[in-house]
$ cat my_file_13.csv   # CSV, C-alpha atoms and all ligand atoms
chain,number,residue,atom,x,y,z
A,1,MET,CA,105.2,112.8,105.7
A,2,SER,CA,107.7,110.8,103.7
A,3,LYS,CA,109.3,112.6,100.8
A,4,LEU,CA,110.9,111.7,97.4
A,5,SER,CA,114.7,111.8,97.2
A,6,GLN,CA,114.5,114.3,94.4
A,7,ARG,CA,112.7,117.7,94.0
A,8,HIS,CA,112.0,117.1,90.3
A,9,LEU,CA,110.9,114.0,88.4
A,10,LEU,CA,113.1,114.2,85.4
A,11,GLY,CA,113.6,110.4,84.8
A,12,ILE,CA,113.2,107.0,86.5
A,13,LYS,CA,117.0,106.7,86.2
A,14,ASP,CA,117.4,109.4,88.9
A,15,ILE,CA,114.9,108.0,91.5
A,16,THR,CA,115.2,105.0,93.9
A,17,ARG,CA,113.1,101.9,94.5
A,18,GLU,CA,112.0,103.5,97.7
A,19,ASP,CA,110.8,106.6,95.8
A,20,ILE,CA,108.8,104.3,93.4
A,21,GLU,CA,107.3,102.4,96.3
A,22,LEU,CA,106.3,105.6,98.1
A,23,ILE,CA,104.7,106.9,94.8
A,24,PHE,CA,102.7,103.6,94.6
A,25,GLU,CA,101.5,103.7,98.2
A,26,THR,CA,100.4,107.3,97.8
A,27,ALA,CA,98.7,106.4,94.5
A,28,ASP,CA,96.8,103.6,96.2
A,29,ASN,CA,95.2,106.3,98.4
A,30,PHE,CA,94.5,108.6,95.5
A,31,LYS,CA,92.9,105.8,93.5
A,32,ASP,CA,90.4,105.4,96.3
A,33,VAL,CA,89.8,109.2,96.1
A,34,ILE,CA,89.1,109.3,92.4
A,35,ASN,CA,86.6,106.4,92.7
A,36,ARG,CA,84.6,108.3,95.4
A,37,PRO,CA,81.5,110.3,94.5
A,38,ILE,CA,83.5,113.5,95.5
A,39,LYS,CA,86.8,113.0,93.7
A,40,LYS,CA,88.6,116.0,95.0
A,41,VAL,CA,91.0,116.7,97.9
A,42,PRO,CA,92.4,120.0,99.0
A,43,SER,CA,96.0,118.8,99.1
A,44,LEU,CA,97.5,121.3,96.5
A,45,ARG,CA,95.2,124.3,97.2
A,46,ASP,CA,97.2,127.5,96.5
A,47,VAL,CA,99.7,125.6,94.4
A,48,THR,CA,99.8,126.7,90.7
A,49,ILE,CA,101.0,124.2,88.1
A,50,ALA,CA,101.8,125.0,84.4
A,51,ASN,CA,101.4,122.2,81.9
A,52,ILE,CA,103.8,123.1,79.1
A,53,PHE,CA,103.5,120.9,76.0
A,54,PHE,CA,105.8,121.5,73.0
A,55,GLU,CA,104.7,118.1,71.5
A,56,ASN,CA,101.3,116.5,70.9
A,57,SER,CA,99.6,114.6,73.7
A,58,THR,CA,96.2,113.3,74.6
A,59,ARG,CA,96.6,110.9,77.5
A,60,THR,CA,99.5,112.5,79.4
A,61,ARG,CA,98.2,116.1,79.1
A,62,LEU,CA,94.6,115.3,80.1
A,63,SER,CA,95.8,112.9,82.9
A,64,PHE,CA,98.1,115.6,84.4
A,65,GLU,CA,95.4,118.2,84.2
A,66,LEU,CA,92.8,116.0,85.8
A,67,ALA,CA,95.3,114.9,88.5
A,68,GLU,CA,96.1,118.6,89.3
A,69,LYS,CA,92.4,119.5,89.5
A,70,ARG,CA,91.6,116.5,91.7
A,71,LEU,CA,94.3,117.9,94.1
A,72,SER,CA,92.7,121.4,93.9
A,73,ALA,CA,95.7,123.0,92.3
A,74,ASP,CA,95.4,126.0,90.1
A,75,VAL,CA,96.2,125.0,86.5
A,76,VAL,CA,97.4,126.8,83.4
A,77,ASN,CA,98.0,125.1,80.1
A,78,PHE,CA,100.4,126.1,77.4
A,79,SER,CA,100.9,124.6,73.9
A,80,ALA,CA,103.8,125.6,71.6
A,81,SER,CA,101.4,125.8,68.6
A,82,GLY,CA,99.7,129.2,68.8
A,83,SER,CA,102.3,130.6,71.2
A,84,SER,CA,105.2,133.1,70.9
A,85,VAL,CA,107.6,130.0,70.5
A,86,LYS,CA,106.5,130.4,66.8
A,87,LYS,CA,108.0,133.9,66.9
A,88,GLY,CA,111.4,132.5,67.9
A,89,GLU,CA,111.2,132.8,71.8
A,90,THR,CA,113.6,130.4,73.5
A,91,LEU,CA,112.6,127.6,75.9
A,92,LEU,CA,114.1,129.4,78.9
A,93,ASP,CA,112.4,132.7,78.0
A,94,THR,CA,109.1,131.0,77.6
A,95,VAL,CA,109.3,129.2,80.9
A,96,ASN,CA,110.7,132.2,82.8
A,97,ASN,CA,107.8,134.3,81.5
A,98,ILE,CA,105.3,131.6,82.7
A,99,LEU,CA,107.1,131.4,86.1
A,100,ALA,CA,107.0,135.3,86.5
A,101,MET,CA,103.2,134.7,86.8
A,102,LYS,CA,104.0,132.9,90.1
A,103,VAL,CA,103.9,129.2,89.0
A,104,ASP,CA,105.1,126.6,91.5
A,105,MET,CA,105.4,123.5,89.4
A,106,VAL,CA,106.0,122.8,85.7
A,107,VAL,CA,104.9,119.7,83.8
A,108,MET,CA,106.7,119.7,80.5
A,109,ARG,CA,106.8,117.6,77.3
A,110,HIS,CA,109.4,118.5,74.7
A,111,ALA,CA,110.8,116.9,71.6
A,112,SER,CA,114.4,117.4,72.7
A,113,ALA,CA,116.0,114.8,75.1
A,114,GLY,CA,117.3,116.6,78.2
A,115,ALA,CA,115.0,119.7,77.9
A,116,PRO,CA,113.5,119.3,81.4
A,117,HIS,CA,117.0,118.6,82.8
A,118,PHE,CA,118.2,121.9,81.2
A,119,LEU,CA,115.3,123.8,82.8
A,120,SER,CA,115.9,122.2,86.2
A,121,LYS,CA,119.3,123.9,86.3
A,122,HIS,CA,117.8,127.4,85.6
A,123,ILE,CA,114.5,127.6,87.4
A,124,LYS,CA,113.3,127.1,91.0
A,125,ALA,CA,109.9,125.5,90.3
A,126,ASN,CA,109.6,121.7,90.6
A,127,ILE,CA,109.7,120.1,87.2
A,128,VAL,CA,108.0,116.9,86.0
A,129,ASN,CA,109.1,115.4,82.7
A,130,ALA,CA,106.0,114.4,80.7
A,131,GLY,CA,108.2,113.0,77.9
A,132,ASP,CA,111.5,114.3,76.5
A,133,GLY,CA,112.2,113.2,72.9
A,134,THR,CA,113.3,109.6,72.8
A,135,HIS,CA,114.8,109.8,76.3
A,136,GLU,CA,112.4,109.2,79.2
A,137,HIS,CA,108.6,109.3,80.1
A,138,PRO,CA,108.8,108.7,83.8
A,139,THR,CA,105.1,108.9,84.7
A,140,GLN,CA,104.2,106.5,81.9
A,141,ALA,CA,106.6,103.9,83.4
A,142,LEU,CA,105.3,104.5,86.9
A,143,LEU,CA,101.7,104.0,85.8
A,144,ASP,CA,102.7,100.9,83.8
A,145,ALA,CA,104.5,99.3,86.8
A,146,PHE,CA,101.6,100.4,89.1
A,147,SER,CA,99.2,98.6,86.7
A,148,ILE,CA,101.3,95.4,86.7
A,149,ARG,CA,101.5,95.5,90.5
A,150,GLU,CA,97.7,96.0,90.7
A,151,LYS,CA,97.0,93.1,88.2
A,152,LEU,CA,99.6,90.6,89.3
A,153,GLY,CA,100.1,91.5,93.0
A,154,SER,CA,103.7,92.7,92.5
A,155,VAL,CA,106.3,93.5,89.9
A,156,GLU,CA,109.2,91.6,91.7
A,157,GLY,CA,110.1,88.4,89.8
A,158,LYS,CA,107.6,89.0,86.9
A,159,LYS,CA,108.8,88.6,83.3
A,160,ILE,CA,107.9,91.7,81.2
A,161,ALA,CA,108.5,91.8,77.4
A,162,ILE,CA,108.6,95.3,75.9
A,163,ILE,CA,107.7,94.7,72.2
A,164,GLY,CA,108.0,97.0,69.2
A,165,ASP,CA,109.9,100.2,68.4
A,166,ILE,CA,112.4,100.3,71.2
A,167,LEU,CA,114.8,102.6,69.4
A,168,HIS,CA,112.5,105.6,69.3
A,169,SER,CA,110.7,105.0,72.6
A,170,ARG,CA,111.0,107.0,75.7
A,171,VAL,CA,108.5,104.7,77.3
A,172,ALA,CA,110.8,101.7,76.8
A,173,LEU,CA,113.8,103.3,78.5
A,174,SER,CA,111.7,104.5,81.5
A,175,ASN,CA,110.0,101.1,81.8
A,176,ILE,CA,113.3,99.3,81.8
A,177,PHE,CA,114.7,101.5,84.6
A,178,ALA,CA,111.5,101.2,86.7
A,179,LEU,CA,110.9,97.4,86.2
A,180,LYS,CA,114.6,96.6,86.9
A,181,LYS,CA,114.5,98.7,90.1
A,182,LEU,CA,111.4,96.8,91.2
A,183,GLY,CA,113.0,93.4,90.6
A,184,ALA,CA,111.4,92.3,87.3
A,185,GLU,CA,113.0,90.4,84.5
A,186,VAL,CA,112.8,92.5,81.3
A,187,MET,CA,113.1,91.5,77.7
A,188,VAL,CA,112.9,93.8,74.7
A,189,CYS,CA,111.7,92.4,71.4
A,190,GLY,CA,111.4,93.9,67.9
A,191,PRO,CA,113.1,94.0,64.5
A,192,PRO,CA,116.9,94.3,65.1
A,193,THR,CA,116.9,97.7,63.3
A,194,LEU,CA,114.5,99.0,66.0
A,195,ILE,CA,116.6,97.8,69.0
A,196,PRO,CA,119.5,100.1,70.0
A,197,LYS,CA,122.9,98.4,70.4
A,198,PHE,CA,123.4,99.7,74.0
A,199,ILE,CA,120.2,98.1,75.3
A,200,SER,CA,121.8,94.8,76.6
A,201,THR,CA,124.1,96.9,78.9
A,202,LEU,CA,120.9,97.8,80.9
A,203,GLY,CA,120.6,94.1,81.9
A,204,VAL,CA,117.7,93.2,79.6
A,205,LYS,CA,117.2,90.1,77.4
A,206,VAL,CA,117.0,90.8,73.6
A,207,GLU,CA,114.7,88.8,71.3
A,208,SER,CA,113.8,89.3,67.7
A,209,GLU,CA,111.0,86.7,67.5
A,210,VAL,CA,107.7,87.9,68.9
A,211,SER,CA,106.4,84.3,69.5
A,212,LYS,CA,109.4,83.6,71.7
A,213,ALA,CA,108.8,86.8,73.7
A,214,LEU,CA,105.1,86.0,74.2
A,215,ASP,CA,105.9,82.4,75.3
A,216,TRP,CA,108.4,83.8,77.9
A,217,CYS,CA,106.6,86.7,79.4
A,218,ASP,CA,103.9,87.3,82.1
A,219,VAL,CA,103.2,90.8,80.6
A,220,ALA,CA,103.6,92.1,77.1
A,221,ASN,CA,103.9,95.9,76.9
A,222,VAL,CA,103.5,96.6,73.2
A,223,LEU,CA,104.8,99.9,71.9
A,224,ARG,CA,103.7,102.1,69.0
A,225,ILE,CA,105.7,102.3,65.8
A,226,GLN,CA,106.8,105.9,65.9
A,227,LEU,CA,106.7,106.8,62.3
A,228,GLU,CA,107.1,110.6,63.1
A,229,ARG,CA,110.5,109.9,64.6
A,230,GLN,CA,111.8,107.6,61.9
A,231,GLN,CA,114.0,109.5,59.4
A,232,LEU,CA,115.2,106.2,57.9
A,233,LYS,CA,113.3,103.1,56.7
A,234,TYR,CA,113.7,100.6,59.5
A,235,PHE,CA,111.5,97.9,58.0
A,236,PRO,CA,110.1,97.3,54.5
A,237,SER,CA,106.4,98.3,55.1
A,238,LEU,CA,103.8,98.6,57.9
A,239,ARG,CA,102.1,95.5,56.4
A,240,GLU,CA,105.3,93.5,56.8
A,241,TYR,CA,105.8,94.8,60.3
A,242,SER,CA,102.3,93.8,61.2
A,243,LEU,CA,102.8,90.4,59.7
A,244,TYR,CA,105.9,89.6,61.7
A,245,TYR,CA,105.4,91.7,64.9
A,246,GLY,CA,101.7,92.5,65.1
A,247,ILE,CA,99.8,90.7,67.9
A,248,ASP,CA,96.2,89.4,67.5
A,249,LYS,CA,93.8,87.9,70.0
A,250,LYS,CA,94.1,84.4,68.5
A,251,THR,CA,97.9,84.4,69.2
A,252,LEU,CA,97.2,85.5,72.8
A,253,ASP,CA,94.4,82.9,73.3
A,254,ASN,CA,96.7,80.1,72.0
A,255,LEU,CA,99.6,80.8,74.4
A,256,LYS,CA,100.1,78.1,77.1
A,257,LYS,CA,99.7,80.7,79.9
A,258,LYS,CA,97.5,83.7,80.3
A,259,ILE,CA,99.5,86.9,79.8
A,260,VAL,CA,98.6,90.6,80.4
A,261,LEU,CA,98.6,92.9,77.4
A,262,MET,CA,99.6,96.5,77.8
A,263,HIS,CA,100.1,99.5,75.5
A,264,PRO,CA,100.9,103.1,76.5
A,265,GLY,CA,98.8,104.5,73.6
A,266,PRO,CA,98.1,105.9,71.2
A,267,ILE,CA,97.6,102.5,69.4
A,268,ASN,CA,98.2,102.0,65.7
A,269,ARG,CA,95.3,99.6,65.4
A,270,GLY,CA,96.1,96.9,62.8
A,271,VAL,CA,99.8,97.5,63.0
A,272,GLU,CA,101.3,96.5,66.4
A,273,LEU,CA,97.9,95.3,67.8
A,274,THR,CA,94.7,94.1,66.1
A,275,SER,CA,91.5,95.6,67.6
A,276,ASP,CA,90.4,92.2,68.8
A,277,ALA,CA,93.6,92.0,70.9
A,278,ALA,CA,93.6,95.6,72.1
A,279,ASP,CA,89.9,95.2,73.3
A,280,SER,CA,90.3,91.6,74.6
A,281,GLN,CA,90.1,90.4,78.2
A,282,HIS,CA,93.9,90.1,78.1
A,283,SER,CA,94.2,93.9,77.8
A,284,ILE,CA,94.6,96.3,80.7
A,285,ILE,CA,95.1,99.3,78.4
A,286,LEU,CA,92.3,101.4,79.9
A,287,ASP,CA,93.3,100.4,83.4
A,288,GLN,CA,96.7,102.0,82.6
A,289,VAL,CA,94.9,105.2,81.7
A,290,GLU,CA,92.8,105.2,84.9
A,291,ASN,CA,95.9,104.5,87.0
A,292,GLY,CA,97.7,107.3,85.3
A,293,VAL,CA,95.6,109.9,87.1
A,294,ALA,CA,96.2,108.4,90.5
A,295,VAL,CA,99.9,108.0,89.9
A,296,ARG,CA,100.3,111.6,88.6
A,297,MET,CA,98.4,112.8,91.7
A,298,ALA,CA,100.9,111.0,93.8
A,299,VAL,CA,103.9,112.4,92.0
A,300,LEU,CA,102.6,116.0,92.1
A,301,TYR,CA,101.6,115.7,95.8
A,302,LEU,CA,104.9,114.2,96.9
A,303,LEU,CA,107.0,116.7,94.9
A,304,ALA,CA,105.0,119.6,96.3
A,305,GLY,CA,105.8,118.3,99.8
A,306,ALA,CA,102.2,118.8,100.6
A,307,THR,CA,100.3,117.4,103.6
A,308,ASN,CA,96.7,116.1,103.6
B,401,LIG,N1,101.2,107.5,76.4
B,401,LIG,C1,101.3,108.8,76.0
B,401,LIG,O1,102.3,109.5,76.3
B,401,LIG,O2,100.3,109.2,75.2
B,401,LIG,P1,100.1,110.7,74.7
B,401,LIG,O3,101.2,111.0,73.7
B,401,LIG,O4,98.7,110.8,74.1
B,401,LIG,O5,100.3,111.6,75.9

$ encode --input "my_file_13.csv" --output "structure tokens"
Amino acid sequence: MSKLSQRHLLGIKDITREDIELIFETADNFKDVINRPIKKVPSLRDVTIANIFFENSTRTRLSFELAEKRLSADVVNFSASGSSVKKGETLLDTVNNILAMKVDMVVMRHASAGAPHFLSKHIKANIVNAGDGTHEHPTQALLDAFSIREKLGSVEGKKIAIIGDILHSRVALSNIFALKKLGAEVMVCGPPTLIPKFISTLGVKVESEVSKALDWCDVANVLRIQLERQQLKYFPSLREYSLYYGIDKKTLDNLKKKIVLMHPGPINRGVELTSDAADSQHSIILDQVENGVAVRMAVLYLLAGATN
């Protein structure tokens, strides 16, 4: 069986194009599995996985749990709220206590960038980063690129615009790494205050007018305004943001070519996307969610080095 070049999935920056292609080929098989009447395979029987979430999540957490259960793994879930973290326990103590219960893999979301990297230096279990602060969200980028490949046949040569709050987005950074490795052209678009200065060093185009980004791209991946991470005021009001950067169905319908609309969720309906755009035939937002389970099954399976 082919294996990934890494024993953890900490970020897309650390993995190769070959790793990504192997994950996609494996996910193709698992997508068939989850669409069968019996959606379960025994691939990770006797493997115990802990989902450790120090930050809120709906999609990522449920998707990992479902992926683990579809692979027949034993699953334990931990959330920081209601745990001994509230009594002052350190991250390392928390994780070592969970591992003492004979856990093989850890899926972790944490508000601090680098938290999974820190853990990987101290524990033996395989670690999957489910989002670390404003740094990376590797499985989101993998499922996004997998969904583009499914919809358009390939990622190579496609023009992808990532639109919105780039500054606070771990999805943006992981997407840029994944899409560039797969040969796409990438543009970031948003108010200049929400675009980090270093971004052009990653080989992406930068645009501040959303109409120009939409005219240019084959795919628009629209990001959420992350108000919970914004200590400063980056734009005058949500109303003004929506006026200049919000995307509605009429705008999409009036473009010269048909483009694909994506969003990692959760959507601020009426801010970055109107409901008629999010629910339109342009949108593959729910396909992204479906693909997330197959892609996460592939990641866990390959990291465990399991055989069918
Ligand atoms: N896309 C994403 O990470 O969503 P959640 O925060 O709900 O997991």

$ closest_residue --input "my_file_13.csv" --among "A:Ile267, A:Val293, A:Ile162, A:Ala80" --to "ligand LIG 401 (chain B)" --atoms "all atoms listed in the file"
A:Ile267

$ closest_residue --input "my_file_13.csv" --among "A:Gly131, A:Gly114, A:Gly270, A:Gly164" --to "ligand LIG 401 (chain B)" --atoms "all atoms listed in the file"
A:Gly131

$ atom_distance --input "my_file_13.csv" --atom1 "atom CA of A:Glu156" --atom2 "atom CA of A:Ala184"
5.0 Å

$ residues_near_ligand --input "my_file_13.csv" --ligand "ligand LIG 401 (chain B)" --cutoff "10 Å" --atoms "only C-alpha atoms and all ligand atoms" --output "number ranges by chain"
A: 53, 55-64, 109, 130-131, 137-141, 170-171, 223-224, 263-267, 288-289, 292

$ residues_around --input "my_file_13.csv" --residues "A:Thr94" --least-positions-apart "2" --cutoff "12 Å" --atoms "all atoms listed in the file" --output "list in words"
Ala50, Ile52, Phe53, Phe54, Phe78, Ser79, Ala80, Ser83, Ser84, Val85, Lys86, Lys87, Gly88, Glu89, Thr90, Leu91, Leu92, Asn96, Asn97, Ile98, Leu99, Ala100, Met101, Val106, Met108, Leu119 and Ile123 of chain A

$ atom_distance --input "my_file_13.csv" --atom1 "atom CA of A:Val260" --atom2 "atom CA of A:Phe235"
26.9 Å

$ closest_atom_pairs --input "my_file_13.csv" --of "stretch 99-189 of chain A" --to "stretch 41-46 of chain A" --cutoff "12 Å" --atoms "only C-alpha atoms" --output "Markdown table"
| residue | atom | partner | partner_atom | distance |
| --- | --- | --- | --- | --- |
| A:Lys102 | CA | A:Asp46 | CA | 10.8 |
| A:Val103 | CA | A:Asp46 | CA | 10.2 |
| A:Asp104 | CA | A:Asp46 | CA | 9.4 |
| A:Met105 | CA | A:Leu44 | CA | 10.8 |

$ closest_residue --input "my_file_13.csv" --among "A:Gln226, A:Asn291, A:Ser5, A:Thr134" --to "A:Glu150" --atoms "all atoms listed in the file"
A:Asn291

$ atom_distance --input "my_file_13.csv" --atom1 "atom CA of A:Tyr301" --atom2 "atom CA of A:Ala73"
10.0 Å

$ residues_around --input "my_file_13.csv" --residues "A:Leu300" --least-positions-apart "2" --cutoff "9 Å" --atoms "all atoms listed in the file" --output "PyMOL selection string"
chain A and resi 44+64+67-68+71+105+128+295-298+302-306

$ residues_around --input "my_file_13.csv" --residues "A:Ala145" --least-positions-apart "2" --cutoff "8 Å" --atoms "all atoms listed in the file" --output "VMD selection string"
chain A and resid 141 to 143 147 to 149 155 175 178 to 179

$ closest_residue --input "my_file_13.csv" --among "A:Ile15, A:Leu10, A:Leu273, A:Leu227" --to "A:Ala113" --atoms "only C-alpha atoms"
A:Leu10

$ closest_residue --input "my_file_13.csv" --among "A:Asp248, A:Asp276, A:Glu136, A:Glu240" --to "A:Ile12" --atoms "all atoms listed in the file"
A:Glu136

$ closest_residue --input "my_file_13.csv" --among "A:Asn29, A:Asn126, A:Leu22, A:Lys212" --to "A:Val47" --atoms "all atoms listed in the file"
A:Asn126

$ residues_near_point --input "my_file_13.csv" --point "(101.1, 97.7, 64.8)" --cutoff "7 Å" --atoms "all atoms listed in the file" --output "short mmCIF file (atom, residue, chain, number, x, y, z; two decimals) with C-alpha atoms, in the frame of the given file"
data_model
loop_
_atom_site.label_atom_id
_atom_site.label_comp_id
_atom_site.auth_asym_id
_atom_site.auth_seq_id
_atom_site.Cartn_x
_atom_site.Cartn_y
_atom_site.Cartn_z
CA ARG A 224 103.70 102.10 69.00
CA ILE A 225 105.70 102.30 65.80
CA SER A 242 102.30 93.80 61.20
CA GLY A 246 101.70 92.50 65.10
CA ASN A 268 98.20 102.00 65.70
CA ARG A 269 95.30 99.60 65.40
CA GLY A 270 96.10 96.90 62.80
CA VAL A 271 99.80 97.50 63.00
CA GLU A 272 101.30 96.50 66.40
CA LEU A 273 97.90 95.30 67.80
#

$ residues_around --input "my_file_13.csv" --residues "A:Ile34" --least-positions-apart "6" --cutoff "8 Å" --atoms "only C-alpha atoms" --output "PyMOL selection string"
chain A and resi 40+70+294

$ write_last_selection --input "my_file_13.csv" --atoms "C-alpha atoms" --output "CSV table (one decimal), keeping the file's coordinate frame"
chain,number,residue,atom,x,y,z
A,40,LYS,CA,88.6,116.0,95.0
A,70,ARG,CA,91.6,116.5,91.7
A,294,ALA,CA,96.2,108.4,90.5
